[in-house]
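**Student:** input_22.csv is reproduced below (CSV, C-alpha atoms and all ligand atoms).
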chain,number,residue,atom,x,y,z
P,3,MET,CA,94.0,88.3,110.6
P,4,ALA,CA,96.3,85.6,112.0
P,5,ASP,CA,97.2,84.0,108.7
P,6,ALA,CA,98.2,87.2,107.0
P,7,PRO,CA,101.8,87.3,105.7
P,8,SER,CA,104.2,89.8,107.2
P,9,MET,CA,104.7,93.1,105.3
P,10,ALA,CA,108.1,91.9,104.2
P,11,GLU,CA,106.7,88.7,102.8
P,12,LEU,CA,103.9,90.5,101.0
P,13,LEU,CA,106.2,93.1,99.4
P,14,GLY,CA,109.2,90.9,98.8
P,15,ASP,CA,112.9,91.6,99.2
P,16,ASP,CA,113.1,93.4,95.8
P,17,THR,CA,110.2,95.7,96.4
P,18,PRO,CA,110.8,99.1,94.7
P,19,LYS,CA,112.6,101.6,96.9
P,20,ASN,CA,113.9,105.2,96.5
P,21,TRP,CA,116.2,105.0,99.5
P,22,GLY,CA,119.4,106.9,98.9
P,23,LYS,CA,118.1,108.6,95.7
P,24,TRP,CA,118.2,112.1,97.4
P,25,GLY,CA,121.1,111.3,99.7
P,26,PRO,CA,121.4,109.5,103.1
P,27,ASP,CA,119.9,112.4,105.1
P,28,ASP,CA,116.8,113.0,103.0
P,29,GLU,CA,113.5,113.3,104.9
P,30,VAL,CA,111.1,114.6,102.3
P,31,GLY,CA,111.4,111.7,99.7
P,32,ALA,CA,109.4,112.0,96.5
P,33,LEU,CA,108.5,115.7,97.3
P,34,ASN,CA,112.0,116.2,95.8
P,35,TYR,CA,110.4,115.7,92.4
P,36,LEU,CA,108.5,119.0,92.9
P,37,ASP,CA,111.2,121.3,91.6
P,38,ALA,CA,110.7,124.8,90.2
P,39,ALA,CA,109.6,123.3,86.8
P,40,GLN,CA,106.8,121.4,88.5
P,41,VAL,CA,105.7,124.5,90.4
P,42,MET,CA,105.5,126.3,87.0
P,43,ARG,CA,103.6,123.4,85.5
P,44,GLY,CA,101.1,123.7,88.3
P,45,ILE,CA,100.8,127.4,87.8
P,46,ALA,CA,100.2,126.8,84.0
P,47,SER,CA,97.1,124.8,84.9
P,48,VAL,CA,95.5,127.9,86.6
P,49,LYS,CA,92.9,129.3,84.2
P,50,ASP,CA,90.4,131.4,86.0
P,51,GLY,CA,91.6,131.8,89.6
P,52,GLN,CA,89.0,129.7,91.4
P,53,VAL,CA,90.3,128.8,94.9
P,54,PHE,CA,89.4,125.7,96.9
P,55,THR,CA,90.4,125.0,100.5
P,56,LEU,CA,90.7,121.2,101.0
P,57,GLN,CA,90.7,120.7,104.8
P,58,CYS,CA,87.6,119.2,106.3
P,59,PRO,CA,86.2,121.0,109.3
P,60,MET,CA,87.5,120.3,112.7
P,61,GLY,CA,85.4,119.9,115.8
P,62,LEU,CA,81.9,119.8,114.2
P,63,PRO,CA,79.1,118.4,116.4
P,64,HIS,CA,78.9,115.4,114.1
P,65,GLY,CA,82.4,114.4,115.0
P,66,ASP,CA,85.7,114.2,113.1
P,67,PRO,CA,86.6,111.4,110.7
P,68,VAL,CA,89.6,109.7,112.4
P,69,PHE,CA,91.5,106.4,112.2
P,70,PRO,CA,90.4,103.8,114.8
P,71,GLY,CA,92.0,104.5,118.2
P,72,ARG,CA,92.1,108.3,117.6
P,73,THR,CA,89.6,110.9,118.7
P,74,GLY,CA,88.6,114.1,117.1
P,75,VAL,CA,89.7,117.5,118.3
P,76,GLU,CA,88.5,118.5,121.8
P,77,ARG,CA,88.4,122.3,122.0
P,78,GLU,CA,87.5,124.3,125.0
P,79,MET,CA,87.1,128.0,125.7
P,80,VAL,CA,89.7,129.6,128.0
P,81,TYR,CA,88.4,133.1,127.9
P,82,ASP,CA,85.0,134.3,126.6
P,83,GLN,CA,82.7,137.2,127.5
P,84,ASN,CA,82.0,135.8,130.9
P,85,SER,CA,85.7,135.8,131.7
P,86,PHE,CA,85.7,139.6,131.6
P,87,LYS,CA,82.6,140.2,133.7
P,88,GLU,CA,82.9,141.0,137.4
P,89,GLY,CA,84.7,138.1,139.1
P,90,GLY,CA,85.7,136.4,135.8
P,91,ASN,CA,89.1,134.8,135.1
P,92,GLY,CA,90.0,137.2,132.2
P,93,PRO,CA,93.2,139.2,132.6
P,94,LYS,CA,92.9,142.9,133.1
P,95,PHE,CA,94.7,145.2,130.7
P,96,PRO,CA,94.8,149.0,130.7
P,97,GLY,CA,92.0,150.2,128.5
P,98,GLY,CA,89.9,147.2,129.3
P,99,ILE,CA,90.6,145.1,126.1
P,100,CYS,CA,88.7,141.8,126.2
P,101,TYR,CA,89.4,138.8,124.0
P,102,SER,CA,88.4,135.2,123.5
P,103,ASP,CA,90.9,132.3,123.8
P,104,ASP,CA,90.6,128.6,123.4
P,105,LYS,CA,92.8,125.5,123.5
P,106,ALA,CA,92.5,122.1,121.9
P,107,THR,CA,93.6,118.6,122.5
P,108,MET,CA,94.0,116.6,119.3
P,109,PHE,CA,95.7,113.8,117.5
P,110,LEU,CA,98.0,115.6,115.1
P,111,GLN,CA,96.6,113.2,112.5
P,112,GLY,CA,93.0,113.7,113.6
P,113,SER,CA,92.0,115.9,110.7
P,114,THR,CA,93.1,116.6,107.1
P,115,GLN,CA,96.8,115.8,107.5
P,116,TYR,CA,100.2,115.0,106.1
P,117,ASP,CA,102.0,111.9,107.4
P,118,ALA,CA,105.6,112.3,108.3
P,119,LEU,CA,107.8,109.9,106.2
P,120,GLY,CA,108.6,108.0,109.4
P,121,HIS,CA,105.0,107.6,110.4
P,122,ALA,CA,104.6,104.0,109.3
P,123,TRP,CA,107.3,101.3,108.9
P,124,TYR,CA,108.0,97.5,109.1
P,125,ASP,CA,111.1,95.5,109.9
P,126,ASP,CA,112.2,98.2,112.4
P,127,THR,CA,113.2,100.5,109.6
P,128,LEU,CA,111.8,103.8,108.4
P,129,TRP,CA,112.0,105.7,105.1
P,130,ASN,CA,115.6,105.9,103.7
P,131,GLY,CA,116.8,103.1,105.9
P,132,VAL,CA,116.6,105.0,109.2
P,133,SER,CA,116.2,102.9,112.4
P,134,ALA,CA,112.7,102.9,113.9
P,135,ALA,CA,114.4,103.7,117.2
P,136,GLU,CA,114.4,107.3,116.0
P,137,THR,CA,110.6,107.3,116.7
P,138,ASN,CA,111.1,106.7,120.4
P,139,GLY,CA,110.0,109.7,122.5
P,140,GLY,CA,109.6,111.8,119.4
P,141,MET,CA,110.6,111.5,115.7
P,142,SER,CA,114.2,112.6,115.8
P,143,LYS,CA,114.4,111.6,112.1
P,144,ASN,CA,111.8,111.6,109.3
P,145,SER,CA,109.4,113.8,111.3
P,146,ILE,CA,106.8,116.1,109.7
P,147,MET,CA,109.2,119.1,110.1
P,148,PRO,CA,111.2,118.8,106.9
P,149,ILE,CA,107.9,118.4,104.9
P,150,ALA,CA,106.4,121.4,106.7
P,151,GLU,CA,109.6,123.4,105.9
P,152,ARG,CA,109.5,122.4,102.2
P,153,GLY,CA,105.8,122.4,101.4
P,154,ALA,CA,104.2,120.6,98.4
P,155,VAL,CA,103.4,122.7,95.3
P,156,GLY,CA,102.8,121.3,91.8
P,157,ARG,CA,100.2,120.2,89.3
P,158,GLY,CA,97.4,118.4,91.0
P,159,VAL,CA,95.0,116.1,89.1
P,160,LEU,CA,91.7,115.0,90.6
P,161,ILE,CA,90.4,111.6,89.8
P,162,ASP,CA,86.8,111.3,90.9
P,163,MET,CA,86.4,107.5,91.3
P,164,ALA,CA,82.9,107.9,92.8
P,165,ARG,CA,81.6,110.0,89.9
P,166,TYR,CA,83.4,107.7,87.4
P,167,ARG,CA,81.7,104.7,88.9
P,168,GLY,CA,78.3,106.5,89.0
P,169,LYS,CA,78.1,106.4,92.8
P,170,GLU,CA,77.6,109.0,95.5
P,171,TRP,CA,80.4,107.3,97.4
P,172,LEU,CA,82.3,104.1,97.0
P,173,ASP,CA,81.3,101.1,99.1
P,174,LYS,CA,83.1,99.9,102.2
P,175,GLY,CA,86.1,97.8,101.0
P,176,GLU,CA,85.7,98.8,97.3
P,177,THR,CA,89.0,98.9,95.5
P,178,PHE,CA,90.7,100.1,92.4
P,179,THR,CA,94.1,100.0,90.7
P,180,HIS,CA,96.5,102.4,89.0
P,181,GLU,CA,95.0,101.2,85.7
P,182,ASP,CA,91.6,102.3,86.9
P,183,LEU,CA,93.1,105.7,87.8
P,184,GLU,CA,94.5,106.1,84.4
P,185,GLU,CA,91.2,105.1,82.7
P,186,ALA,CA,89.2,107.4,84.9
P,187,ALA,CA,91.5,110.3,84.3
P,188,ASN,CA,91.4,109.7,80.6
P,189,ALA,CA,87.6,109.4,80.7
P,190,GLN,CA,87.5,112.8,82.5
P,191,GLY,CA,89.7,114.2,79.7
P,192,THR,CA,92.7,115.1,81.8
P,193,PRO,CA,95.3,112.3,81.6
P,194,ILE,CA,97.7,111.8,84.5
P,195,GLN,CA,101.2,113.2,83.8
P,196,ASP,CA,104.5,112.2,85.4
P,197,ARG,CA,105.1,114.0,88.7
P,198,ASP,CA,101.4,114.9,89.2
P,199,ILE,CA,100.0,115.2,92.7
P,200,ILE,CA,97.4,112.5,92.5
P,201,CYS,CA,94.1,113.5,94.3
P,202,ILE,CA,91.4,110.8,94.5
P,203,ARG,CA,87.8,111.4,95.5
P,204,MET,CA,85.7,108.5,96.7
P,205,GLY,CA,82.9,110.5,98.2
P,206,TRP,CA,84.0,109.0,101.5
P,207,LEU,CA,83.8,112.2,103.6
P,208,LYS,CA,80.4,113.0,102.1
P,209,TYR,CA,79.4,109.5,103.3
P,210,PHE,CA,80.9,110.2,106.8
P,211,TYR,CA,78.9,113.4,107.2
P,212,SER,CA,75.7,111.9,105.7
P,213,VAL,CA,75.2,108.9,108.1
P,214,PRO,CA,75.4,108.4,111.9
P,215,ASN,CA,78.8,107.6,113.2
P,216,GLU,CA,77.6,104.1,114.2
P,217,GLU,CA,76.7,103.3,110.6
P,218,PHE,CA,80.0,104.7,109.3
P,219,ASN,CA,82.1,102.7,111.8
P,220,ASP,CA,80.1,99.5,111.5
P,221,GLY,CA,82.4,97.0,109.7
P,222,LEU,CA,84.6,99.8,108.7
P,223,VAL,CA,86.9,98.9,105.8
P,224,GLU,CA,87.7,102.0,103.8
P,225,PRO,CA,87.6,101.9,100.0
P,226,GLY,CA,90.8,102.8,98.1
P,227,LEU,CA,93.8,101.8,96.1
P,228,ARG,CA,94.7,98.1,96.3
P,229,TYR,CA,98.3,97.0,96.6
P,230,SER,CA,100.0,95.2,93.7
P,231,ARG,CA,103.6,95.2,92.7
P,232,GLU,CA,102.6,96.8,89.4
P,233,LEU,CA,100.9,99.7,91.3
P,234,VAL,CA,104.0,100.4,93.3
P,235,GLU,CA,106.1,100.3,90.1
P,236,TRP,CA,103.7,102.7,88.5
P,237,PHE,CA,104.1,105.2,91.4
P,238,GLN,CA,107.9,104.9,91.1
P,239,ARG,CA,108.0,105.1,87.3
P,240,ARG,CA,105.6,108.1,87.1
P,241,GLU,CA,107.5,109.8,90.0
P,242,ILE,CA,104.4,110.6,91.9
P,243,PRO,CA,105.3,112.9,94.8
P,244,ASN,CA,102.1,113.0,96.8
P,245,LEU,CA,98.9,110.9,97.1
P,246,VAL,CA,95.9,112.9,98.4
P,247,THR,CA,92.5,111.2,99.1
P,248,ASP,CA,89.2,111.9,100.9
P,249,THR,CA,89.6,108.7,103.0
P,250,ILE,CA,91.2,108.4,106.4
P,251,ALA,CA,94.1,106.2,105.4
P,252,ASN,CA,94.6,106.7,101.6
P,253,GLU,CA,94.2,103.0,100.7
P,254,VAL,CA,91.8,100.1,101.2
P,255,THR,CA,92.3,99.2,104.9
P,256,TYR,CA,93.1,95.6,104.4
P,257,ASP,CA,94.5,94.1,101.2
P,258,PRO,CA,91.6,91.9,100.0
P,259,GLU,CA,93.9,89.0,98.9
P,260,THR,CA,96.1,88.6,102.0
P,261,GLY,CA,94.4,90.6,104.8
P,262,VAL,CA,97.5,92.7,105.4
P,263,ALA,CA,96.7,96.1,106.8
P,264,LEU,CA,97.8,99.3,105.0
P,265,PRO,CA,100.5,97.8,102.7
P,266,LEU,CA,100.7,101.0,100.7
P,267,HIS,CA,101.8,102.9,103.8
P,268,ALA,CA,104.8,100.5,103.7
P,269,ALA,CA,105.3,100.3,99.9
P,270,LEU,CA,104.7,104.0,99.0
P,271,LEU,CA,105.5,106.0,102.2
P,272,ARG,CA,108.3,104.0,103.7
P,273,ASN,CA,109.8,102.6,100.5
P,274,LEU,CA,109.3,105.2,97.9
P,275,GLY,CA,109.0,108.3,100.1
P,276,VAL,CA,105.6,109.3,98.6
P,277,SER,CA,103.9,111.8,100.9
P,278,LEU,CA,100.4,110.8,102.0
P,279,THR,CA,97.7,113.4,102.6
P,280,GLU,CA,94.5,112.0,104.2
P,281,ILE,CA,91.0,113.1,105.0
P,282,THR,CA,90.9,115.8,102.3
P,283,TRP,CA,87.7,117.6,101.3
P,284,LEU,CA,87.6,117.2,97.5
P,285,ASP,CA,83.8,117.5,96.8
P,286,ASP,CA,83.7,121.2,96.0
P,287,LEU,CA,86.7,121.0,93.8
P,288,ALA,CA,85.2,118.0,92.1
P,289,ASP,CA,82.0,119.8,91.3
P,290,ALA,CA,83.9,122.7,89.8
P,291,CYS,CA,86.1,120.3,87.7
P,292,ALA,CA,83.0,118.4,86.5
P,293,ALA,CA,81.3,121.7,85.5
P,294,ASP,CA,83.9,122.7,83.0
P,295,GLY,CA,85.7,119.4,82.4
P,296,ARG,CA,89.1,120.5,83.6
P,297,TRP,CA,90.5,118.2,86.3
P,298,ASP,CA,94.0,119.7,86.8
P,299,PHE,CA,95.0,122.7,89.1
P,300,LEU,CA,97.8,124.2,91.1
P,301,TYR,CA,98.0,122.2,94.4
P,302,THR,CA,99.7,123.9,97.3
P,303,ALA,CA,100.0,122.6,100.9
P,304,ALA,CA,102.3,122.9,103.9
P,305,PRO,CA,101.7,121.0,107.1
P,306,LEU,CA,102.4,122.7,110.4
P,307,LYS,CA,106.0,122.9,111.7
P,308,VAL,CA,105.6,120.7,114.8
P,309,PHE,CA,108.9,119.6,116.3
P,310,GLU,CA,109.4,115.8,116.1
P,311,ALA,CA,105.8,115.2,115.1
P,312,CYS,CA,104.5,112.1,113.3
P,313,GLY,CA,102.2,114.2,111.1
P,314,SER,CA,100.3,117.5,111.2
P,315,PRO,CA,97.0,119.1,110.2
P,316,VAL,CA,96.9,120.9,106.9
P,317,ASN,CA,94.5,123.0,104.9
P,318,PRO,CA,95.7,122.5,101.3
P,319,ILE,CA,94.7,125.0,98.6
P,320,ALA,CA,93.8,124.1,95.0
P,321,ILE,CA,93.7,127.0,92.5
P,322,ARG,CA,92.3,126.3,89.0
B,401,LIG,C1,97.8,105.0,110.1
B,401,LIG,O1,98.4,104.6,109.1
B,401,LIG,C2,97.8,104.2,111.4
B,401,LIG,O2,97.3,106.2,110.2
B,401,LIG,P1,97.1,107.3,109.0
B,401,LIG,O3,95.9,106.8,108.3
B,401,LIG,O4,96.9,108.6,109.7
B,401,LIG,O5,98.3,107.3,108.1
Have the structure of the file written as structure tokens, please.

**Tutor:**
Amino acid sequence: MADAPSMAELLGDDTPKNWGKWGPDDEVGALNYLDAAQVMRGIASVKDGQVFTLQCPMGLPHGDPVFPGRTGVEREMVYDQNSFKEGGNGPKFPGGICYSDDKATMFLQGSTQYDALGHAWYDDTLWNGVSAAETNGGMSKNSIMPIAERGAVGRGVLIDMARYRGKEWLDKGETFTHEDLEEAANAQGTPIQDRDIICIRMGWLKYFYSVPNEEFNDGLVEPGLRYSRELVEWFQRREIPNLVTDTIANEVTYDPETGVALPLHAALLRNLGVSLTEITWLDDLADACAADGRWDFLYTAAPLKVFEACGSPVNPIAIR
């Protein structure tokens, strides 16, 4: 979109920022809101001990849902039963123990994943005012490591936008606002509270697994939250630490008004330090919430501790 304004023009010089709020060296941003009181608030929302793992599967024959330009995990066997037969490549140990081994090549953001706070930027500057030069050859600042070391634990609230709109999944390019989120949460009977981990289901992964890849990728513009100044202020005012969705990029791919790609990666991740968790399997959790009308839970997640990485796979757990 040649006529699209730059990110800086879209957001404006006075766009909300949390830079410096937790000191000049902070690399976890709004996860700082998840203090012990928030952990206890999350625990208080556990009523019957149901557990849900929120990672989508990796390496299914159908393929993995990934951002354009990435590929799904490629996994290969290194040792299997054949390796330990006569002439096989399996190592020989006293006693004859046999084992299977495999290895994978993958984009670290090619599955359910956390973005490092330095993963997306504009104007050569990352979260907290750090130079984008820190990404060269590895994320020497704002990598996934500090988030992996800290973890994210608090009260999660699920907003099922697909169910609220009476759809199996939202349409390509369909958008909604923070006001829609509040309305949907109220209609579900579990209003959003400050410092909640906001989980939004659009039925998007169900759509991915229900149709051929060609259909999914044809004219692909993901549904999601639409940028507005008011939405960014809402995230800042409500001190939202973490946005979790079942889409690949957490927001409508292109801002429908200006055509700018992924403005919330800039406004929320880079400027407010909100952690982004993408490609999350929320369908089973949503069914359980719909069954008894409780849409809050204890949310826990920790990405992998990968040195200097831009993001990492994760298998979050919701307990309700
Ligand atoms: C990009 O923003 C490019 O990727 P992701 O959706 O993984 O954040």

**Student:** State, in Å with one decimal place, the distance from atom CA of Gly51 of chain P to atom CA of Ala290 of chain P.

**Tutor:**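 Interatomic distance here is 11.9 Å.
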
**Student:** Ligand LIG 401 (chain B): which residues are within 12 Å, counting all atoms listed in the file? Reply as a PyMOL selection string.

**Tutor:** chain P and resi 67-73+109-124+224+245-256+263-268+270-272+277-282+312-315

**Student:** What separation in Å, quoted to one decimal, exists between atom CA of Phe54 of chain P and atom CA of Cys201 of chain P?

**Tutor:** 13.3 Å

**Student:** Find the distance between atom CA of Gly22 of chain P and atom CA of Ser133 of chain P and write it in Å to one decimal.

**Tutor:**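 According to the coordinates, atom CA of Gly22 of chain P and atom CA of Ser133 of chain P are separated by 14.4 Å.
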
**Student:** Hey, which bits of segment 102-214 of chain P sit within 8 Å of segment 291-299 of chain P, and for each residue what's the closest pair of atoms and how far apart in Å (one decimal), counting only C-alpha atoms, rows by chain and increasing number, as JSON lines?

**Tutor:**
{"residue": "P:Arg157", "atom": "CA", "partner": "P:Phe299", "partner_atom": "CA", "distance": 5.8}
{"residue": "P:Gly158", "atom": "CA", "partner": "P:Phe299", "partner_atom": "CA", "distance": 5.3}
{"residue": "P:Val159", "atom": "CA", "partner": "P:Asp298", "partner_atom": "CA", "distance": 4.4}
{"residue": "P:Leu160", "atom": "CA", "partner": "P:Trp297", "partner_atom": "CA", "distance": 5.5}
{"residue": "P:Ile161", "atom": "CA", "partner": "P:Trp297", "partner_atom": "CA", "distance": 7.5}
{"residue": "P:Gln190", "atom": "CA", "partner": "P:Gly295", "partner_atom": "CA", "distance": 6.8}
{"residue": "P:Gly191", "atom": "CA", "partner": "P:Gly295", "partner_atom": "CA", "distance": 7.1}
{"residue": "P:Thr192", "atom": "CA", "partner": "P:Trp297", "partner_atom": "CA", "distance": 5.9}

**Student:** For the selection just defined, write its residues with C-alpha atoms to a file, as a short mmCIF file (atom, residue, chain, number, x, y, z; two decimals), in the frame of the given file.

**Tutor:**
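Contents of result-v3.cif, freshly written:
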data_model
loop_
_atom_site.label_atom_id
_atom_site.label_comp_id
_atom_site.auth_asym_id
_atom_site.auth_seq_id
_atom_site.Cartn_x
_atom_site.Cartn_y
_atom_site.Cartn_z
CA ARG P 157 100.20 120.20 89.30
CA GLY P 158 97.40 118.40 91.00
CA VAL P 159 95.00 116.10 89.10
CA LEU P 160 91.70 115.00 90.60
CA ILE P 161 90.40 111.60 89.80
CA GLN P 190 87.50 112.80 82.50
CA GLY P 191 89.70 114.20 79.70
CA THR P 192 92.70 115.10 81.80
#

**Student:** From the list P:Asp286, P:Glu232, P:Glu310, P:Asp37, which residue is nearest Gly153 of chain P when using only C-alpha atoms?

**Tutor:**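 Looking at the shortest contact to Gly153 of chain P, the residue is P:Asp37.
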
**Student:** What would the list of residues within 6 Å of (97.6, 124.5, 99.0) (file frame) look like as a list in words, if all atoms listed in the file are what count?

**Tutor:** Tyr301, Thr302, Ala303, Pro318, Ile319 and Ala320 of chain P

**Student:** Counting only C-alpha atoms, which of P:Leu222, P:Ala186, P:Leu274, P:Val155 gets nearest to Trp129 of chain P?

**Tutor:**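 Among the listed residues, the smallest separation from Trp129 of chain P belongs to P:Leu274.
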
**Student:** Counting all atoms listed in the file, what is within 8 Å of Val75 of chain P, bar same-chain residues fewer than 5 positions away, as an NGL selection string?

**Tutor:** :P and (60-61 or 66 or 106-109 or 112)

**Student:** Please report, as AutoDock Vina command-line options, the centre and edge lengths in Å to one decimal of an axis-aligned box covering all listed atoms of segment 205-209 of chain P with 8 Å per side.

**Tutor:**
--center_x 81.7 --center_y 111.0 --center_z 100.9 --size_x 20.6 --size_y 20.0 --size_z 21.4

**Student:** With the input short on atoms, add N, CA and C atoms back to segment 232-246 of chain P and write it as an mmCIF file, keeping the file's coordinate frame.

**Tutor:**
data_model
loop_
_atom_site.group_PDB
_atom_site.id
_atom_site.type_symbol
_atom_site.label_atom_id
_atom_site.label_comp_id
_atom_site.auth_asym_id
_atom_site.auth_seq_id
_atom_site.Cartn_x
_atom_site.Cartn_y
_atom_site.Cartn_z
ATOM 1 N N GLU P 232 102.695 95.960 90.602
ATOM 2 C CA GLU P 232 102.600 96.800 89.400
ATOM 3 C C GLU P 232 102.212 98.259 89.835
ATOM 4 N N LEU P 233 101.322 98.354 90.813
ATOM 5 C CA LEU P 233 100.900 99.700 91.300
ATOM 6 C C LEU P 233 102.092 100.443 91.885
ATOM 7 N N VAL P 234 102.883 99.739 92.667
ATOM 8 C CA VAL P 234 104.000 100.400 93.300
ATOM 9 C C VAL P 234 105.032 100.826 92.222
ATOM 10 N N GLU P 235 105.238 99.955 91.226
ATOM 11 C CA GLU P 235 106.100 100.300 90.100
ATOM 12 C C GLU P 235 105.618 101.520 89.351
ATOM 13 N N TRP P 236 104.299 101.578 89.210
ATOM 14 C CA TRP P 236 103.700 102.700 88.500
ATOM 15 C C TRP P 236 103.952 104.017 89.265
ATOM 16 N N PHE P 237 103.775 104.004 90.578
ATOM 17 C CA PHE P 237 104.100 105.200 91.400
ATOM 18 C C PHE P 237 105.543 105.597 91.213
ATOM 19 N N GLN P 238 106.426 104.608 91.212
ATOM 20 C CA GLN P 238 107.900 104.900 91.100
ATOM 21 C C GLN P 238 108.182 105.431 89.690
ATOM 22 N N ARG P 239 107.648 104.740 88.677
ATOM 23 C CA ARG P 239 108.000 105.100 87.300
ATOM 24 C C ARG P 239 107.424 106.515 86.972
ATOM 25 N N ARG P 240 106.228 106.814 87.449
ATOM 26 C CA ARG P 240 105.600 108.100 87.100
ATOM 27 C C ARG P 240 106.077 109.224 88.083
ATOM 28 N N GLU P 241 106.927 108.856 89.032
ATOM 29 C CA GLU P 241 107.500 109.800 90.000
ATOM 30 C C GLU P 241 106.452 110.648 90.660
ATOM 31 N N ILE P 242 105.461 109.935 91.193
ATOM 32 C CA ILE P 242 104.400 110.600 91.900
ATOM 33 C C ILE P 242 104.872 111.091 93.252
ATOM 34 N N PRO P 243 104.768 112.402 93.526
ATOM 35 C CA PRO P 243 105.300 112.900 94.800
ATOM 36 C C PRO P 243 104.394 112.785 95.973
ATOM 37 N N ASN P 244 103.088 112.772 95.717
ATOM 38 C CA ASN P 244 102.100 113.000 96.800
ATOM 39 C C ASN P 244 100.801 112.350 96.415
ATOM 40 N N LEU P 245 100.243 111.550 97.324
ATOM 41 C CA LEU P 245 98.900 110.900 97.100
ATOM 42 C C LEU P 245 97.956 111.580 98.108
ATOM 43 N N VAL P 246 96.846 112.092 97.584
ATOM 44 C CA VAL P 246 95.900 112.900 98.400
ATOM 45 C C VAL P 246 94.510 112.193 98.202
#
